[in-house]
$ cat structure_20.pdb   # PDB, C-alpha atoms
ATOM      1  CA  ILE D 234     296.743  25.368  -0.674  1.00  0.00           C
ATOM      2  CA  ILE D 235     295.876  27.746  -3.516  1.00  0.00           C
ATOM      3  CA  THR D 236     294.624  26.010  -6.661  1.00  0.00           C
ATOM      4  CA  VAL D 237     294.713  28.291  -9.701  1.00  0.00           C
ATOM      5  CA  ASP D 238     292.532  27.359 -12.698  1.00  0.00           C
ATOM      6  CA  ASP D 239     292.053  28.823 -16.145  1.00  0.00           C
ATOM      7  CA  THR D 240     288.476  27.997 -17.125  1.00  0.00           C
ATOM      8  CA  THR D 241     287.533  31.168 -18.961  1.00  0.00           C
ATOM      9  CA  PRO D 242     287.594  30.976 -22.782  1.00  0.00           C
ATOM     10  CA  PRO D 243     289.090  33.797 -24.819  1.00  0.00           C
ATOM     11  CA  VAL D 244     286.963  36.629 -26.106  1.00  0.00           C
ATOM     12  CA  ILE D 245     287.117  36.394 -29.896  1.00  0.00           C
ATOM     13  CA  THR D 246     286.194  39.123 -32.378  1.00  0.00           C
ATOM     14  CA  CYS D 247     285.472  38.153 -35.998  1.00  0.00           C
ATOM     15  CA  PRO D 248     286.265  40.412 -38.946  1.00  0.00           C
ATOM     16  CA  ALA D 249     283.217  42.155 -40.402  1.00  0.00           C
ATOM     17  CA  ASN D 250     280.905  40.332 -42.778  1.00  0.00           C
ATOM     18  CA  VAL D 251     281.724  41.233 -46.374  1.00  0.00           C
ATOM     19  CA  THR D 252     280.432  40.953 -49.947  1.00  0.00           C
ATOM     20  CA  ALA D 253     283.078  40.122 -52.545  1.00  0.00           C
ATOM     21  CA  GLU D 254     283.268  39.512 -56.266  1.00  0.00           C
ATOM     22  CA  CYS D 255     283.932  35.912 -57.254  1.00  0.00           C
ATOM     23  CA  SER D 256     287.252  36.964 -58.760  1.00  0.00           C
ATOM     24  CA  ASP D 257     288.420  38.710 -55.563  1.00  0.00           C
ATOM     25  CA  ASP D 258     291.019  37.364 -53.153  1.00  0.00           C
ATOM     26  CA  LEU D 259     288.876  35.561 -50.577  1.00  0.00           C
ATOM     27  CA  SER D 260     291.695  34.775 -48.171  1.00  0.00           C
ATOM     28  CA  PRO D 261     291.845  36.179 -44.616  1.00  0.00           C
ATOM     29  CA  ALA D 262     294.761  38.341 -45.733  1.00  0.00           C
ATOM     30  CA  SER D 263     292.266  40.218 -47.889  1.00  0.00           C
ATOM     31  CA  LEU D 264     288.986  39.874 -46.006  1.00  0.00           C
ATOM     32  CA  GLY D 265     290.235  40.196 -42.430  1.00  0.00           C
ATOM     33  CA  GLU D 266     291.386  37.998 -39.574  1.00  0.00           C
ATOM     34  CA  ALA D 267     289.866  37.366 -36.164  1.00  0.00           C
ATOM     35  CA  THR D 268     291.477  38.648 -32.980  1.00  0.00           C
ATOM     36  CA  ALA D 269     291.124  37.369 -29.439  1.00  0.00           C
ATOM     37  CA  THR D 270     291.927  38.410 -25.883  1.00  0.00           C
ATOM     38  CA  ASP D 271     292.169  36.196 -22.833  1.00  0.00           C
ATOM     39  CA  ASN D 272     291.834  36.856 -19.108  1.00  0.00           C
ATOM     40  CA  CYS D 273     295.143  35.123 -18.416  1.00  0.00           C
ATOM     41  CA  THR D 274     297.265  35.216 -21.573  1.00  0.00           C
ATOM     42  CA  SER D 275     296.688  38.017 -24.013  1.00  0.00           C
ATOM     43  CA  PRO D 276     296.847  38.335 -26.915  1.00  0.00           C
ATOM     44  CA  VAL D 277     295.783  34.856 -27.984  1.00  0.00           C
ATOM     45  CA  THR D 278     297.962  33.581 -30.808  1.00  0.00           C
ATOM     46  CA  ASN D 279     296.292  30.231 -31.473  1.00  0.00           C
ATOM     47  CA  ILE D 280     293.550  31.385 -33.844  1.00  0.00           C
ATOM     48  CA  THR D 281     292.429  29.185 -36.750  1.00  0.00           C
ATOM     49  CA  TYR D 282     289.539  29.101 -39.206  1.00  0.00           C
ATOM     50  CA  THR D 283     287.495  26.689 -41.321  1.00  0.00           C
ATOM     51  CA  ASP D 284     285.270  27.479 -44.305  1.00  0.00           C
ATOM     52  CA  ASN D 285     281.839  26.049 -45.096  1.00  0.00           C
ATOM     53  CA  GLN D 286     280.598  26.948 -48.571  1.00  0.00           C
ATOM     54  CA  LEU D 287     276.847  27.220 -49.174  1.00  0.00           C
ATOM     55  CA  PRO D 288     275.667  27.231 -52.814  1.00  0.00           C
ATOM     56  CA  GLY D 289     273.761  30.167 -54.243  1.00  0.00           C
ATOM     57  CA  ASN D 290     271.602  30.619 -57.330  1.00  0.00           C
ATOM     58  CA  CYS D 291     274.473  30.047 -59.779  1.00  0.00           C
ATOM     59  CA  PRO D 292     277.937  28.500 -59.652  1.00  0.00           C
ATOM     60  CA  ASN D 293     279.749  31.757 -58.900  1.00  0.00           C
ATOM     61  CA  ASN D 294     277.244  33.094 -56.354  1.00  0.00           C
ATOM     62  CA  TYR D 295     277.653  31.454 -52.964  1.00  0.00           C
ATOM     63  CA  THR D 296     278.175  32.102 -49.251  1.00  0.00           C
ATOM     64  CA  ILE D 297     281.206  31.205 -47.153  1.00  0.00           C
ATOM     65  CA  GLU D 298     280.670  30.678 -43.425  1.00  0.00           C
ATOM     66  CA  ARG D 299     284.192  31.279 -42.091  1.00  0.00           C
ATOM     67  CA  THR D 300     284.323  29.978 -38.521  1.00  0.00           C
ATOM     68  CA  TRP D 301     287.164  31.414 -36.440  1.00  0.00           C
ATOM     69  CA  THR D 302     288.308  29.613 -33.300  1.00  0.00           C
ATOM     70  CA  ALA D 303     290.631  30.966 -30.601  1.00  0.00           C
ATOM     71  CA  VAL D 304     292.216  28.581 -28.057  1.00  0.00           C
ATOM     72  CA  ASP D 305     294.057  29.827 -24.982  1.00  0.00           C
ATOM     73  CA  GLU D 306     297.026  28.137 -23.381  1.00  0.00           C
ATOM     74  CA  CYS D 307     294.814  25.908 -21.236  1.00  0.00           C
ATOM     75  CA  GLY D 308     292.631  24.688 -24.093  1.00  0.00           C
ATOM     76  CA  ASN D 309     289.647  26.932 -23.467  1.00  0.00           C
ATOM     77  CA  GLN D 310     288.191  28.004 -26.759  1.00  0.00           C
ATOM     78  CA  SER D 311     285.607  30.256 -28.308  1.00  0.00           C
ATOM     79  CA  SER D 312     284.395  30.769 -31.878  1.00  0.00           C
ATOM     80  CA  CYS D 313     282.664  33.276 -34.112  1.00  0.00           C
ATOM     81  CA  VAL D 314     281.468  33.220 -37.711  1.00  0.00           C
ATOM     82  CA  GLN D 315     282.297  35.677 -40.482  1.00  0.00           C
ATOM     83  CA  ILE D 316     279.799  35.647 -43.377  1.00  0.00           C
ATOM     84  CA  ILE D 317     281.365  36.181 -46.819  1.00  0.00           C
ATOM     85  CA  THR D 318     278.810  36.716 -49.587  1.00  0.00           C
ATOM     86  CA  VAL D 319     280.366  35.973 -52.982  1.00  0.00           C
ATOM     87  CA  ASP D 320     278.689  37.443 -56.070  1.00  0.00           C
ATOM     88  CA  ASP D 321     279.301  37.339 -59.807  1.00  0.00           C
ATOM     89  CA  THR D 322     278.107  40.691 -61.151  1.00  0.00           C
ATOM     90  CA  THR D 323     280.742  41.318 -63.819  1.00  0.00           C
ATOM     91  CA  PRO D 324     279.752  40.565 -67.440  1.00  0.00           C
ATOM     92  CA  PRO D 325     282.146  38.768 -69.756  1.00  0.00           C
ATOM     93  CA  VAL D 326     284.518  40.701 -72.001  1.00  0.00           C
ATOM     94  CA  ILE D 327     283.496  39.866 -75.566  1.00  0.00           C
ATOM     95  CA  THR D 328     285.554  40.389 -78.721  1.00  0.00           C
ATOM     96  CA  CYS D 329     283.822  40.398 -82.106  1.00  0.00           C
ATOM     97  CA  PRO D 330     285.421  39.136 -85.301  1.00  0.00           C
ATOM     98  CA  ALA D 331     286.567  41.886 -87.665  1.00  0.00           C
ATOM     99  CA  ASN D 332     284.120  43.656 -89.954  1.00  0.00           C
ATOM    100  CA  VAL D 333     284.262  42.200 -93.463  1.00  0.00           C
ATOM    101  CA  THR D 334     283.116  42.794 -97.028  1.00  0.00           C
ATOM    102  CA  ALA D 335     281.929  39.702 -98.880  1.00  0.00           C
ATOM    103  CA  GLU D 336     280.495  38.806-102.262  1.00  0.00           C
ATOM    104  CA  CYS D 337     276.835  37.805-102.235  1.00  0.00           C
ATOM    105  CA  SER D 338     277.799  34.296-103.348  1.00  0.00           C
ATOM    106  CA  ASP D 339     280.289  33.831-100.488  1.00  0.00           C
ATOM    107  CA  ASP D 340     279.715  31.706 -97.415  1.00  0.00           C
ATOM    108  CA  LEU D 341     278.361  34.239 -94.916  1.00  0.00           C
ATOM    109  CA  SER D 342     278.280  31.880 -91.929  1.00  0.00           C
ATOM    110  CA  PRO D 343     280.350  32.465 -88.783  1.00  0.00           C
ATOM    111  CA  SER D 344     282.515  29.466 -89.687  1.00  0.00           C
ATOM    112  CA  SER D 345     283.692  31.481 -92.693  1.00  0.00           C
ATOM    113  CA  LEU D 346     283.543  35.086 -91.458  1.00  0.00           C
ATOM    114  CA  GLY D 347     284.709  34.565 -87.874  1.00  0.00           C
ATOM    115  CA  GLU D 348     283.282  33.880 -84.445  1.00  0.00           C
ATOM    116  CA  ALA D 349     283.304  35.999 -81.294  1.00  0.00           C
ATOM    117  CA  THR D 350     285.350  35.034 -78.247  1.00  0.00           C
ATOM    118  CA  ALA D 351     284.841  36.009 -74.616  1.00  0.00           C
ATOM    119  CA  THR D 352     286.661  35.901 -71.306  1.00  0.00           C
ATOM    120  CA  ASP D 353     285.169  36.136 -67.834  1.00  0.00           C
ATOM    121  CA  ASN D 354     286.550  37.119 -64.434  1.00  0.00           C
ATOM    122  CA  CYS D 355     285.180  33.975 -62.791  1.00  0.00           C
ATOM    123  CA  THR D 356     284.627  31.289 -65.443  1.00  0.00           C
ATOM    124  CA  ASP D 357     286.962  31.305 -68.398  1.00  0.00           C
ATOM    125  CA  PRO D 358     286.645  30.689 -71.266  1.00  0.00           C
ATOM    126  CA  VAL D 359     282.982  31.546 -71.830  1.00  0.00           C
ATOM    127  CA  THR D 360     281.277  28.858 -73.890  1.00  0.00           C
ATOM    128  CA  ASN D 361     277.754  30.316 -74.108  1.00  0.00           C
ATOM    129  CA  ILE D 362     278.210  32.618 -77.110  1.00  0.00           C
ATOM    130  CA  THR D 363     275.374  33.096 -79.607  1.00  0.00           C
ATOM    131  CA  ASN D 364     274.649  35.363 -82.565  1.00  0.00           C
ATOM    132  CA  THR D 365     271.665  36.932 -84.312  1.00  0.00           C
ATOM    133  CA  ASP D 366     271.593  38.635 -87.713  1.00  0.00           C
ATOM    134  CA  ASN D 367     269.780  41.812 -88.728  1.00  0.00           C
ATOM    135  CA  GLU D 368     269.778  42.415 -92.474  1.00  0.00           C
ATOM    136  CA  VAL D 369     269.708  46.033 -93.631  1.00  0.00           C
ATOM    137  CA  PRO D 370     268.754  46.460 -97.308  1.00  0.00           C
ATOM    138  CA  GLY D 371     271.145  48.185 -99.686  1.00  0.00           C
ATOM    139  CA  SER D 372     270.891  49.661-103.152  1.00  0.00           C
ATOM    140  CA  CYS D 373     269.838  46.386-104.809  1.00  0.00           C
ATOM    141  CA  PRO D 374     268.621  42.929-103.738  1.00  0.00           C
ATOM    142  CA  ASN D 375     272.080  41.377-103.549  1.00  0.00           C
ATOM    143  CA  SER D 376     273.850  44.331-101.909  1.00  0.00           C
ATOM    144  CA  TYR D 377     273.018  44.658 -98.228  1.00  0.00           C
ATOM    145  CA  THR D 378     274.498  44.841 -94.743  1.00  0.00           C
ATOM    146  CA  ILE D 379     274.311  42.205 -92.028  1.00  0.00           C
ATOM    147  CA  GLU D 380     274.535  43.427 -88.452  1.00  0.00           C
ATOM    148  CA  ARG D 381     275.663  40.271 -86.662  1.00  0.00           C
ATOM    149  CA  THR D 382     275.196  40.743 -82.915  1.00  0.00           C
ATOM    150  CA  TRP D 383     277.240  38.397 -80.750  1.00  0.00           C
ATOM    151  CA  THR D 384     276.227  37.835 -77.111  1.00  0.00           C
ATOM    152  CA  ALA D 385     278.277  36.102 -74.414  1.00  0.00           C
ATOM    153  CA  VAL D 386     276.586  34.921 -71.203  1.00  0.00           C
ATOM    154  CA  ASP D 387     278.535  33.720 -68.166  1.00  0.00           C
ATOM    155  CA  GLU D 388     277.411  31.046 -65.720  1.00  0.00           C
ATOM    156  CA  CYS D 389     275.498  33.577 -63.603  1.00  0.00           C
ATOM    157  CA  GLY D 390     273.594  35.177 -66.479  1.00  0.00           C
ATOM    158  CA  ASN D 391     275.738  38.299 -66.863  1.00  0.00           C
ATOM    159  CA  GLN D 392     276.029  39.142 -70.534  1.00  0.00           C
ATOM    160  CA  SER D 393     277.730  41.459 -72.978  1.00  0.00           C
ATOM    161  CA  SER D 394     277.372  41.982 -76.711  1.00  0.00           C
ATOM    162  CA  CYS D 395     279.233  43.349 -79.720  1.00  0.00           C
ATOM    163  CA  VAL D 396     278.308  43.828 -83.366  1.00  0.00           C
ATOM    164  CA  GLN D 397     280.168  42.589 -86.443  1.00  0.00           C
ATOM    165  CA  ILE D 398     279.327  44.480 -89.663  1.00  0.00           C
ATOM    166  CA  ILE D 399     279.219  42.330 -92.797  1.00  0.00           C
ATOM    167  CA  THR D 400     278.939  44.324 -96.018  1.00  0.00           C
ATOM    168  CA  VAL D 401     277.586  42.156 -98.814  1.00  0.00           C
ATOM    169  CA  ASP D 402     278.187  43.266-102.402  1.00  0.00           C
ATOM    170  CA  ASP D 403     277.250  41.955-105.842  1.00  0.00           C
ATOM    171  CA  THR D 404     280.070  42.973-108.170  1.00  0.00           C
ATOM    172  CA  THR D 405     280.241  39.894-110.397  1.00  0.00           C
ATOM    173  CA  PRO D 406     278.550  40.128-113.833  1.00  0.00           C
ATOM    174  CA  PRO D 407     276.463  37.271-115.171  1.00  0.00           C
ATOM    175  CA  VAL D 408     277.981  34.585-117.373  1.00  0.00           C
ATOM    176  CA  ILE D 409     276.207  34.871-120.729  1.00  0.00           C
ATOM    177  CA  THR D 410     276.110  32.254-123.501  1.00  0.00           C
ATOM    178  CA  CYS D 411     275.146  33.316-127.007  1.00  0.00           C
ATOM    179  CA  PRO D 412     273.302  31.084-129.450  1.00  0.00           C
ATOM    180  CA  ALA D 413     275.496  29.624-132.173  1.00  0.00           C
ATOM    181  CA  ASN D 414     276.431  31.673-135.216  1.00  0.00           C
ATOM    182  CA  VAL D 415     274.173  30.794-138.180  1.00  0.00           C
ATOM    183  CA  THR D 416     273.774  31.261-141.924  1.00  0.00           C
ATOM    184  CA  ALA D 417     270.237  31.972-143.096  1.00  0.00           C
ATOM    185  CA  GLU D 418     268.417  32.655-146.328  1.00  0.00           C
ATOM    186  CA  CYS D 419     267.191  36.199-146.712  1.00  0.00           C
ATOM    187  CA  SER D 420     263.606  34.909-146.668  1.00  0.00           C
ATOM    188  CA  ASP D 421     264.070  33.025-143.383  1.00  0.00           C
ATOM    189  CA  ASP D 422     262.692  34.092-140.041  1.00  0.00           C
ATOM    190  CA  LEU D 423     265.638  35.987-138.545  1.00  0.00           C
ATOM    191  CA  SER D 424     264.107  36.524-135.107  1.00  0.00           C
ATOM    192  CA  PRO D 425     265.585  35.047-131.911  1.00  0.00           C
ATOM    193  CA  ALA D 426     262.602  32.706-131.744  1.00  0.00           C
ATOM    194  CA  SER D 427     264.001  31.055-134.870  1.00  0.00           C
ATOM    195  CA  LEU D 428     267.745  31.596-134.583  1.00  0.00           C
ATOM    196  CA  GLY D 429     268.196  31.110-130.830  1.00  0.00           C
ATOM    197  CA  GLU D 430     268.260  33.148-127.650  1.00  0.00           C
ATOM    198  CA  ALA D 431     271.080  33.806-125.212  1.00  0.00           C
ATOM    199  CA  THR D 432     271.047  32.365-121.711  1.00  0.00           C
ATOM    200  CA  ALA D 433     272.835  33.582-118.587  1.00  0.00           C
ATOM    201  CA  THR D 434     273.658  32.459-115.088  1.00  0.00           C
ATOM    202  CA  ASP D 435     274.661  34.617-112.145  1.00  0.00           C
ATOM    203  CA  ASN D 436     276.593  33.951-108.938  1.00  0.00           C
ATOM    204  CA  CYS D 437     273.806  35.458-106.833  1.00  0.00           C
ATOM    205  CA  THR D 438     270.552  35.329-108.815  1.00  0.00           C
ATOM    206  CA  SER D 439     270.162  32.553-111.350  1.00  0.00           C
ATOM    207  CA  PRO D 440     268.782  32.208-113.910  1.00  0.00           C
ATOM    208  CA  VAL D 441     269.089  35.772-115.186  1.00  0.00           C
ATOM    209  CA  THR D 442     265.813  36.935-116.727  1.00  0.00           C
ATOM    210  CA  ASN D 443     266.858  40.401-117.905  1.00  0.00           C
ATOM    211  CA  ILE D 444     268.396  39.476-121.279  1.00  0.00           C
ATOM    212  CA  THR D 445     268.024  41.809-124.260  1.00  0.00           C
ATOM    213  CA  TYR D 446     269.558  42.142-127.709  1.00  0.00           C
ATOM    214  CA  THR D 447     270.341  44.742-130.377  1.00  0.00           C
ATOM    215  CA  ASP D 448     271.124  44.151-134.055  1.00  0.00           C
ATOM    216  CA  ASN D 449     273.779  45.859-136.139  1.00  0.00           C
ATOM    217  CA  GLN D 450     273.437  45.133-139.879  1.00  0.00           C
ATOM    218  CA  LEU D 451     276.559  45.165-142.078  1.00  0.00           C
ATOM    219  CA  PRO D 452     276.014  45.326-145.870  1.00  0.00           C
ATOM    220  CA  GLY D 453     277.309  42.574-148.140  1.00  0.00           C
ATOM    221  CA  ASN D 454     277.981  42.371-151.899  1.00  0.00           C
ATOM    222  CA  CYS D 455     274.299  42.765-152.836  1.00  0.00           C
ATOM    223  CA  PRO D 456     271.190  44.102-151.104  1.00  0.00           C
ATOM    224  CA  ASN D 457     270.038  40.720-149.795  1.00  0.00           C
ATOM    225  CA  ASN D 458     273.445  39.522-148.688  1.00  0.00           C
ATOM    226  CA  TYR D 459     274.416  41.022-145.334  1.00  0.00           C
ATOM    227  CA  THR D 460     275.592  40.212-141.823  1.00  0.00           C
ATOM    228  CA  ILE D 461     273.735  40.813-138.583  1.00  0.00           C
ATOM    229  CA  GLU D 462     275.808  41.294-135.427  1.00  0.00           C
ATOM    230  CA  ARG D 463     273.267  40.422-132.755  1.00  0.00           C
ATOM    231  CA  THR D 464     274.594  41.619-129.399  1.00  0.00           C
ATOM    232  CA  TRP D 465     273.020  39.949-126.403  1.00  0.00           C
ATOM    233  CA  THR D 466     273.261  41.610-122.974  1.00  0.00           C
ATOM    234  CA  ALA D 467     272.429  40.047-119.611  1.00  0.00           C
ATOM    235  CA  VAL D 468     271.917  42.294-116.551  1.00  0.00           C
ATOM    236  CA  ASP D 469     271.669  40.914-113.007  1.00  0.00           C
ATOM    237  CA  GLU D 470     269.599  42.374-110.164  1.00  0.00           C
ATOM    238  CA  CYS D 471     272.388  44.742-109.136  1.00  0.00           C
ATOM    239  CA  GLY D 472     273.082  46.123-112.617  1.00  0.00           C
ATOM    240  CA  ASN D 473     276.180  44.075-113.423  1.00  0.00           C
ATOM    241  CA  GLN D 474     276.118  43.110-117.061  1.00  0.00           C
ATOM    242  CA  SER D 475     277.910  41.064-119.688  1.00  0.00           C
ATOM    243  CA  SER D 476     277.470  40.714-123.426  1.00  0.00           C
ATOM    244  CA  CYS D 477     278.200  38.365-126.289  1.00  0.00           C
ATOM    245  CA  VAL D 478     277.693  38.590-130.055  1.00  0.00           C
ATOM    246  CA  GLN D 479     275.925  36.141-132.338  1.00  0.00           C
ATOM    247  CA  ILE D 480     276.900  36.412-136.014  1.00  0.00           C
ATOM    248  CA  ILE D 481     274.030  35.855-138.460  1.00  0.00           C
ATOM    249  CA  THR D 482     275.117  35.598-142.095  1.00  0.00           C
ATOM    250  CA  VAL D 483     272.220  36.319-144.474  1.00  0.00           C
ATOM    251  CA  ASP D 484     272.454  35.085-148.094  1.00  0.00           C
ATOM    252  CA  ASP D 485     270.240  35.281-151.184  1.00  0.00           C
ATOM    253  CA  THR D 486     270.884  32.018-152.982  1.00  0.00           C
TER     254      THR D 486
END

$ encode --input "structure_20.pdb" --output "structure tokens"
Amino acid sequence: IITVDDTTPPVITCPANVTAECSDDLSPASLGEATATDNCTSPVTNITYTDNQLPGNCPNNYTIERTWTAVDECGNQSSCVQIITVDDTTPPVITCPANVTAECSDDLSPSSLGEATATDNCTDPVTNITNTDNEVPGSCPNSYTIERTWTAVDECGNQSSCVQIITVDDTTPPVITCPANVTAECSDDLSPASLGEATATDNCTSPVTNITYTDNQLPGNCPNNYTIERTWTAVDECGNQSSCVQIITVDDT
């Protein structure tokens, strides 16, 4: 009587340990498959695997313990473990809103001038997007440039930035209001303190304090009858100006 047994498990060989990006194909087709030989039936075709995922320091950094098991035709089995280290080292791809030119009185917030967007190879879309502003002075107080730096950070702390250029101009003149036209006696006080002063508002700096006037005297039908054209001019902080004319009729009655 010759009793033949198969009690020897296969000899299994795991694929090499690897480090992969979180966006890579992590299947055995990409990262390798185990092979096995057996003392009785070779090659061994019954080879399977199971994955055990161990968390890392962020959601997209982790380790996979891929256990391969080979079973021969008599149920003898052997296993090995392939270590797959998964990393997230790729920063998001950020897209800034377009550069813009705005009036100093406009809404300069991101809700008006646009917000950056970002995509990521592992976690998409990216929701952690922030901005900081750096103001660069221009030729006058209300003309300047804002360098708005947008930064996107993925779930593993990788980040990328872009800069939106916002050019702020003051091209709108003040709105000036002249005092009412008046008729005065030639002996009256004809100064603005008596006959009124212009006022002005501005879209960027209000009230306007730089208000001046000049008088142009037109002769009438006698030396003490004449007309004063009092031209008032308001100038804002960026040199935009507007004017109006107050008519002062001077009589000798």

$ resolve_selection --input "structure_20.pdb" --expression "the PyMOL selection byres ((chain D and resi 449) around 12)" --output "ChimeraX atom specification"
/D:446-448,450-452,459-465,478-482

$ closest_residue --input "structure_20.pdb" --among "D:Ser372, D:Thr363, D:Thr323, D:Thr410" --to "D:Val441" --atoms "all atoms listed in the file"
D:Thr410

$ closest_residue --input "structure_20.pdb" --among "D:Val277, D:Val401, D:Ala351, D:Ala385" --to "D:Thr334" --atoms "all atoms listed in the file"
D:Val401

$ resolve_selection --input "structure_20.pdb" --expression "the PyMOL selection byres ((chain D and resi 259) around 12)" --output "VMD selection string"
chain D and resid 251 to 258 260 to 266 284 296 to 299 316 to 320

$ closest_residue --input "structure_20.pdb" --among "D:Pro248, D:Pro325, D:Pro406, D:Gly429" --to "D:Glu470" --atoms "all atoms listed in the file"
D:Pro406
